[in-house]
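K.L.:
Data file input30.txt (compact mmCIF, C-alpha atoms) is appended below.
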```txt
# COMPACT_ATOMS: atom_id res chain seq x y z
CA MET A 20 -16.63 -7.73 -4.44
CA GLY A 21 -18.21 -4.30 -4.73
CA ARG A 22 -18.43 -2.20 -7.87
CA GLY A 23 -15.51 -0.04 -6.75
CA ASP A 24 -13.23 -3.07 -6.70
CA LEU A 25 -14.02 -3.68 -10.36
CA THR A 26 -12.81 -0.22 -11.36
CA THR A 27 -9.39 -0.34 -9.70
CA PRO A 28 -6.80 -1.50 -12.23
CA ALA A 29 -4.10 -3.40 -10.38
CA LEU A 30 -0.81 -4.91 -11.52
CA ILE A 31 1.96 -6.74 -9.71
CA PRO A 32 5.36 -6.11 -11.28
CA ASP A 33 8.44 -7.86 -9.95
CA GLY A 34 11.83 -6.23 -9.52
CA ARG A 35 12.69 -6.32 -13.23
CA LEU A 36 9.22 -4.95 -14.04
CA ASP A 37 7.77 -8.16 -15.45
CA VAL A 38 4.04 -8.03 -14.73
CA ILE A 39 3.53 -11.30 -12.88
CA GLY A 40 -0.04 -10.68 -11.78
CA ALA A 41 -2.98 -8.41 -12.46
CA ASN A 42 -6.69 -8.16 -11.96
CA ALA A 43 -8.79 -8.16 -15.15
CA LEU A 44 -8.73 -4.37 -15.42
CA GLY A 45 -4.93 -4.10 -15.23
CA PRO A 46 -4.27 -5.55 -18.70
CA ALA A 47 -7.31 -3.67 -20.05
CA LEU A 48 -5.76 -0.39 -18.91
CA TYR A 49 -2.30 -1.40 -20.16
CA GLN A 50 -3.70 -2.88 -23.38
CA PRO A 51 -0.94 -1.48 -25.67
CA MET A 52 1.74 -3.03 -23.45
CA TYR A 53 0.12 -6.45 -23.57
CA GLY A 54 -1.11 -6.48 -27.15
CA PRO A 55 -1.29 -10.12 -28.21
CA ARG A 56 1.34 -11.11 -25.60
CA ARG A 57 0.43 -12.87 -22.39
CA ASN A 58 3.57 -11.61 -20.64
CA ALA A 59 4.38 -7.97 -20.24
CA ASN A 60 7.43 -6.06 -19.08
CA VAL A 61 7.00 -2.38 -18.27
CA ALA A 62 10.61 -1.42 -18.98
CA ARG A 63 10.69 -3.16 -22.35
CA PHE A 64 7.41 -1.46 -23.30
CA VAL A 65 8.58 2.00 -22.21
CA PHE A 66 11.94 1.88 -23.95
CA THR A 67 11.45 -0.31 -27.03
CA ASP A 68 7.82 0.01 -28.13
CA PRO A 69 6.91 3.18 -30.08
CA ALA A 70 3.33 2.86 -28.75
CA ALA A 71 4.61 3.76 -25.27
CA ARG A 72 5.28 7.36 -26.33
CA THR A 73 1.64 7.75 -27.30
CA PHE A 74 0.26 5.75 -24.37
CA TRP A 75 2.15 7.69 -21.70
CA CYS A 76 1.37 11.41 -22.06
CA ASP A 77 4.34 12.13 -19.75
CA TRP A 78 6.70 9.65 -21.39
CA ASP A 79 9.87 11.37 -20.11
CA THR A 80 8.71 11.08 -16.50
CA ILE A 81 7.69 7.46 -17.01
CA ALA A 82 11.05 6.70 -18.65
CA ASP A 83 12.92 8.30 -15.73
CA ASP A 84 10.84 6.40 -13.17
CA THR A 85 11.31 3.12 -15.03
CA ALA A 86 15.09 3.43 -15.27
CA ASN A 87 15.25 4.53 -11.61
CA THR A 88 13.22 1.50 -10.53
CA LEU A 89 15.52 -0.86 -12.45
CA ARG A 90 18.56 0.88 -10.98
CA ALA A 91 17.14 0.39 -7.47
CA GLU A 92 16.48 -3.30 -8.19
CA SER A 93 19.97 -3.71 -9.59
CA GLY A 94 21.36 -2.28 -6.35
CA ARG A 95 19.18 -4.55 -4.19
CA ASN A 96 20.11 -7.64 -6.19
CA PRO A 97 23.44 -6.98 -7.94
CA CYS A 98 23.94 -10.67 -8.82
CA ASP A 99 20.50 -11.16 -10.39
CA ARG A 100 21.34 -12.24 -13.93
CA SER A 101 17.79 -11.60 -15.20
CA VAL A 102 17.99 -7.93 -14.22
CA THR A 103 21.45 -7.59 -15.76
CA GLU A 104 20.26 -9.20 -18.99
CA LEU A 105 17.27 -6.85 -19.20
CA VAL A 106 19.48 -3.81 -18.57
CA ASP A 107 21.90 -4.98 -21.28
CA GLU A 108 19.01 -5.54 -23.71
CA LEU A 109 17.55 -2.08 -23.05
CA ALA A 110 20.96 -0.42 -23.31
CA ALA A 111 21.52 -2.07 -26.69
CA ARG A 112 18.09 -1.13 -28.02
CA SER A 113 17.41 2.31 -26.50
CA PRO A 114 19.69 5.35 -26.30
CA GLU A 115 17.04 6.95 -24.05
CA PHE A 116 17.47 4.12 -21.56
CA THR A 117 21.27 4.32 -21.73
CA THR A 118 21.19 8.04 -20.92
CA ARG A 119 18.89 7.54 -17.94
CA TRP A 120 20.79 4.50 -16.67
CA ALA A 121 24.03 6.48 -16.68
CA ARG A 122 22.52 9.00 -14.22
CA HIS A 123 22.55 6.39 -11.43
CA ASP A 124 19.25 7.70 -10.02
CA VAL A 125 17.44 5.31 -7.68
CA HIS A 126 14.38 7.27 -6.55
CA VAL A 127 11.31 5.05 -6.77
CA ARG A 128 7.99 6.90 -6.96
CA SER A 129 5.23 5.24 -4.91
CA THR A 130 2.39 7.73 -5.43
CA GLY A 131 1.40 10.27 -8.02
CA THR A 132 -0.71 10.76 -11.09
CA ARG A 133 -0.30 9.18 -14.51
CA ARG A 134 -1.70 10.63 -17.71
CA ILE A 135 -2.54 7.90 -20.21
CA GLU A 136 -3.83 8.12 -23.76
CA HIS A 137 -5.73 4.85 -23.94
CA PRO A 138 -6.38 3.70 -27.52
CA LEU A 139 -10.01 2.76 -26.78
CA VAL A 140 -11.26 5.19 -24.14
CA GLY A 141 -9.05 8.24 -24.69
CA ARG A 142 -7.23 10.43 -22.19
CA LEU A 143 -7.18 9.29 -18.58
CA THR A 144 -5.63 11.08 -15.63
CA LEU A 145 -5.36 8.54 -12.83
CA PRO A 146 -3.86 8.75 -9.37
CA PHE A 147 -1.75 5.72 -8.53
CA GLU A 148 -0.29 4.11 -5.46
CA SER A 149 2.41 1.50 -5.38
CA THR A 150 3.32 -0.53 -2.33
CA PRO A 151 5.89 -3.29 -1.83
CA LEU A 152 4.46 -6.71 -1.04
CA VAL A 153 6.14 -7.61 2.22
CA ALA A 154 5.68 -11.36 1.83
CA ASP A 155 7.13 -11.36 -1.69
CA ARG A 156 10.35 -9.36 -1.77
CA GLY A 157 10.82 -7.48 -5.01
CA GLN A 158 7.13 -7.49 -5.91
CA THR A 159 4.96 -4.40 -5.84
CA LEU A 160 1.21 -3.85 -5.96
CA LEU A 161 0.41 -0.97 -8.33
CA MET A 162 -3.16 0.36 -8.19
CA TYR A 163 -4.91 3.15 -10.07
CA SER A 164 -8.04 4.97 -8.97
CA ALA A 165 -10.41 7.61 -10.29
CA ALA A 166 -12.60 10.14 -8.53
CA THR A 167 -16.22 9.15 -8.11
CA GLY A 168 -18.38 10.47 -10.94
CA SER A 169 -15.39 11.54 -13.06
CA ALA A 170 -14.83 10.86 -16.75
CA PRO A 171 -11.85 8.59 -15.91
CA GLN A 172 -14.08 6.56 -13.59
CA ASP A 173 -16.65 6.23 -16.37
CA ALA A 174 -13.89 5.00 -18.69
CA LEU A 175 -12.74 2.45 -16.09
CA HIS A 176 -16.35 1.27 -15.69
CA LEU A 177 -16.54 0.84 -19.46
CA MET A 178 -13.29 -1.15 -19.54
CA ALA A 179 -14.50 -3.23 -16.59
CA SER A 180 -17.67 -4.08 -18.51
CA TRP A 181 -15.49 -5.50 -21.31
CA THR A 182 -13.49 -7.65 -18.93
CA SER A 183 -16.19 -8.99 -16.65
CA SER A 184 -17.84 -12.29 -17.37
CA PRO A 185 -21.59 -12.77 -17.01
CA ARG A 186 -22.63 -14.38 -13.75
```
Could I get this file's structure written as structure tokens?
P.N.:
Amino acid sequence: MGRGDLTTPALIPDGRLDVIGANALGPALYQPMYGPRRNANVARFVFTDPAARTFWCDWDTIADDTANTLRAESGRNPCDRSVTELVDELAARSPEFTTRWARHDVHVRSTGTRRIEHPLVGRLTLPFESTPLVADRGQTLLMYSAATGSAPQDALHLMASWTSSPR
């Protein structure tokens, strides 16, 4: 694996936005979402954890995208009890989620840029790409990148150095 592979944070969320897989840099980037937990759920973090509003510089956009993604999953799998239970939980705990859910938007963003205020390395502006995993319906590969020689790439290199084990 080349050095570039070590600086690409990658996560695999399922349809209800449980992170079911990640490379070592994924949880390092999303450190506030994981905290001491081994399991992470993007929607629960966005709508119920106050740290999300600091972590995501564009929290409103992230909140819209998160609700839209759950709405799309709910439409794809209307009988999935786990999705329904998560939606009910978020609706009970977050007026911001309830407002967005009521819009019935289903647009799922697959590319763009995310601005993150990481608690250890500071502000990062990272392009992302998300692609469905064909073999595993409902799962998506989410990858972030940084321009060569940029401050965000330096920050990712630093985070990668924390997560790599000596050979």
K.L.:
Which value, in Å to one decimal, gives the distance between CA of Phe66 (chain A) and CA of Leu105 (chain A)?
P.N.:
11.3 Å
K.L.:
Could you name the residues that touch Gln158 (chain A) at 12 Å or less, counting all atoms listed in the file, but leaving out those on the same chain fewer than 4 positions away, as a PyMOL selection string?
P.N.:
chain A and resi 30-40+88+92+149-154
K.L.:
Output as lines of an AutoDock Vina configuration file the centre and edge lengths (Å, one decimal) of the box along x, y and z of the file that holds every listed atom of region 88-97 of chain A after adding 4 Å on each side.
P.N.:
```
center_x = 18.3
center_y = -3.1
center_z = -8.3
size_x = 18.2
size_y = 17.1
size_z = 16.3
```
K.L.:
In Å, how far is it from CA of Pro46 (chain A) to CA of Ala59 (chain A)?
P.N.:
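Separating CA of Pro46 (chain A) from CA of Ala59 (chain A) is a distance of 9.1 Å.
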K.L.:
Write out as a PyMOL selection string which residues come within 10 Å of Arg122 (chain A) when counting all atoms listed in the file, dropping same-chain ones fewer than 6 positions away.
P.N.:
chain A and resi 83+86-87+90
K.L.:
At a cut-off of 12 Å, using all atoms listed in the file, what residues contact Asp68 (chain A)? Leave out same-chain residues fewer than 6 positions from it and give the result as a list in words.
P.N.:
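Close residues of Asp68 (chain A): Pro51, Met52, Tyr53, Gly54, Ala59, Asn60, Val61, Ala62, Phe74, Trp75, Trp78, Leu109, Arg112 and Ser113 of chain A.
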K.L.:
At what distance in Å, to one decimal, does CA of Pro138 (chain A) lie from CA of Asp173 (chain A)?
P.N.:
15.4 Å
K.L.:
Smallest atom-to-atom distance to Leu139 (chain A): which of A:Thr67, A:Thr80, A:Ala29, A:Met178, using all atoms listed in the file?
P.N.:
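Smallest separation from Leu139 (chain A) among the options: A:Met178.
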K.L.:
Which is closer to Tyr163 (chain A) than all the others in A:Cys98, A:Leu145, A:Ala110, A:Leu175, using only C-alpha atoms?
P.N.:
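For Tyr163 (chain A), the nearest of the candidates is A:Leu145.
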K.L.:
Of the candidates A:Asn42, A:Gln50, A:Thr73, A:Asn58, which shows the shortest atom-to-atom distance to Leu25 (chain A), using all atoms listed in the file?
P.N.:
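Of A:Asn42, A:Gln50, A:Thr73, A:Asn58, the one nearest Leu25 (chain A) is A:Asn42, counting all atoms listed in the file.
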K.L.:
Using all atoms listed in the file, which residue out of A:Leu44, A:Ala91, A:Ser101, A:Val106 lies closest to Arg63 (chain A)?
P.N.:
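Closest candidate: A:Val106.
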K.L.:
Find the spatial neighbours of Arg134 (chain A), counting only C-alpha atoms, within a cut-off of 6 Å - ignore same-chain residues fewer than 6 positions away - and output them as an mmCIF file with C-alpha atoms, in the frame of the given file.
P.N.:
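Final output, saved to out.cif:
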```
data_model
loop_
_atom_site.group_PDB
_atom_site.id
_atom_site.type_symbol
_atom_site.label_atom_id
_atom_site.label_comp_id
_atom_site.auth_asym_id
_atom_site.auth_seq_id
_atom_site.Cartn_x
_atom_site.Cartn_y
_atom_site.Cartn_z
ATOM 1 C CA CYS A 76 1.370 11.410 -22.060
ATOM 2 C CA LEU A 143 -7.180 9.290 -18.580
ATOM 3 C CA THR A 144 -5.630 11.080 -15.630
#
```
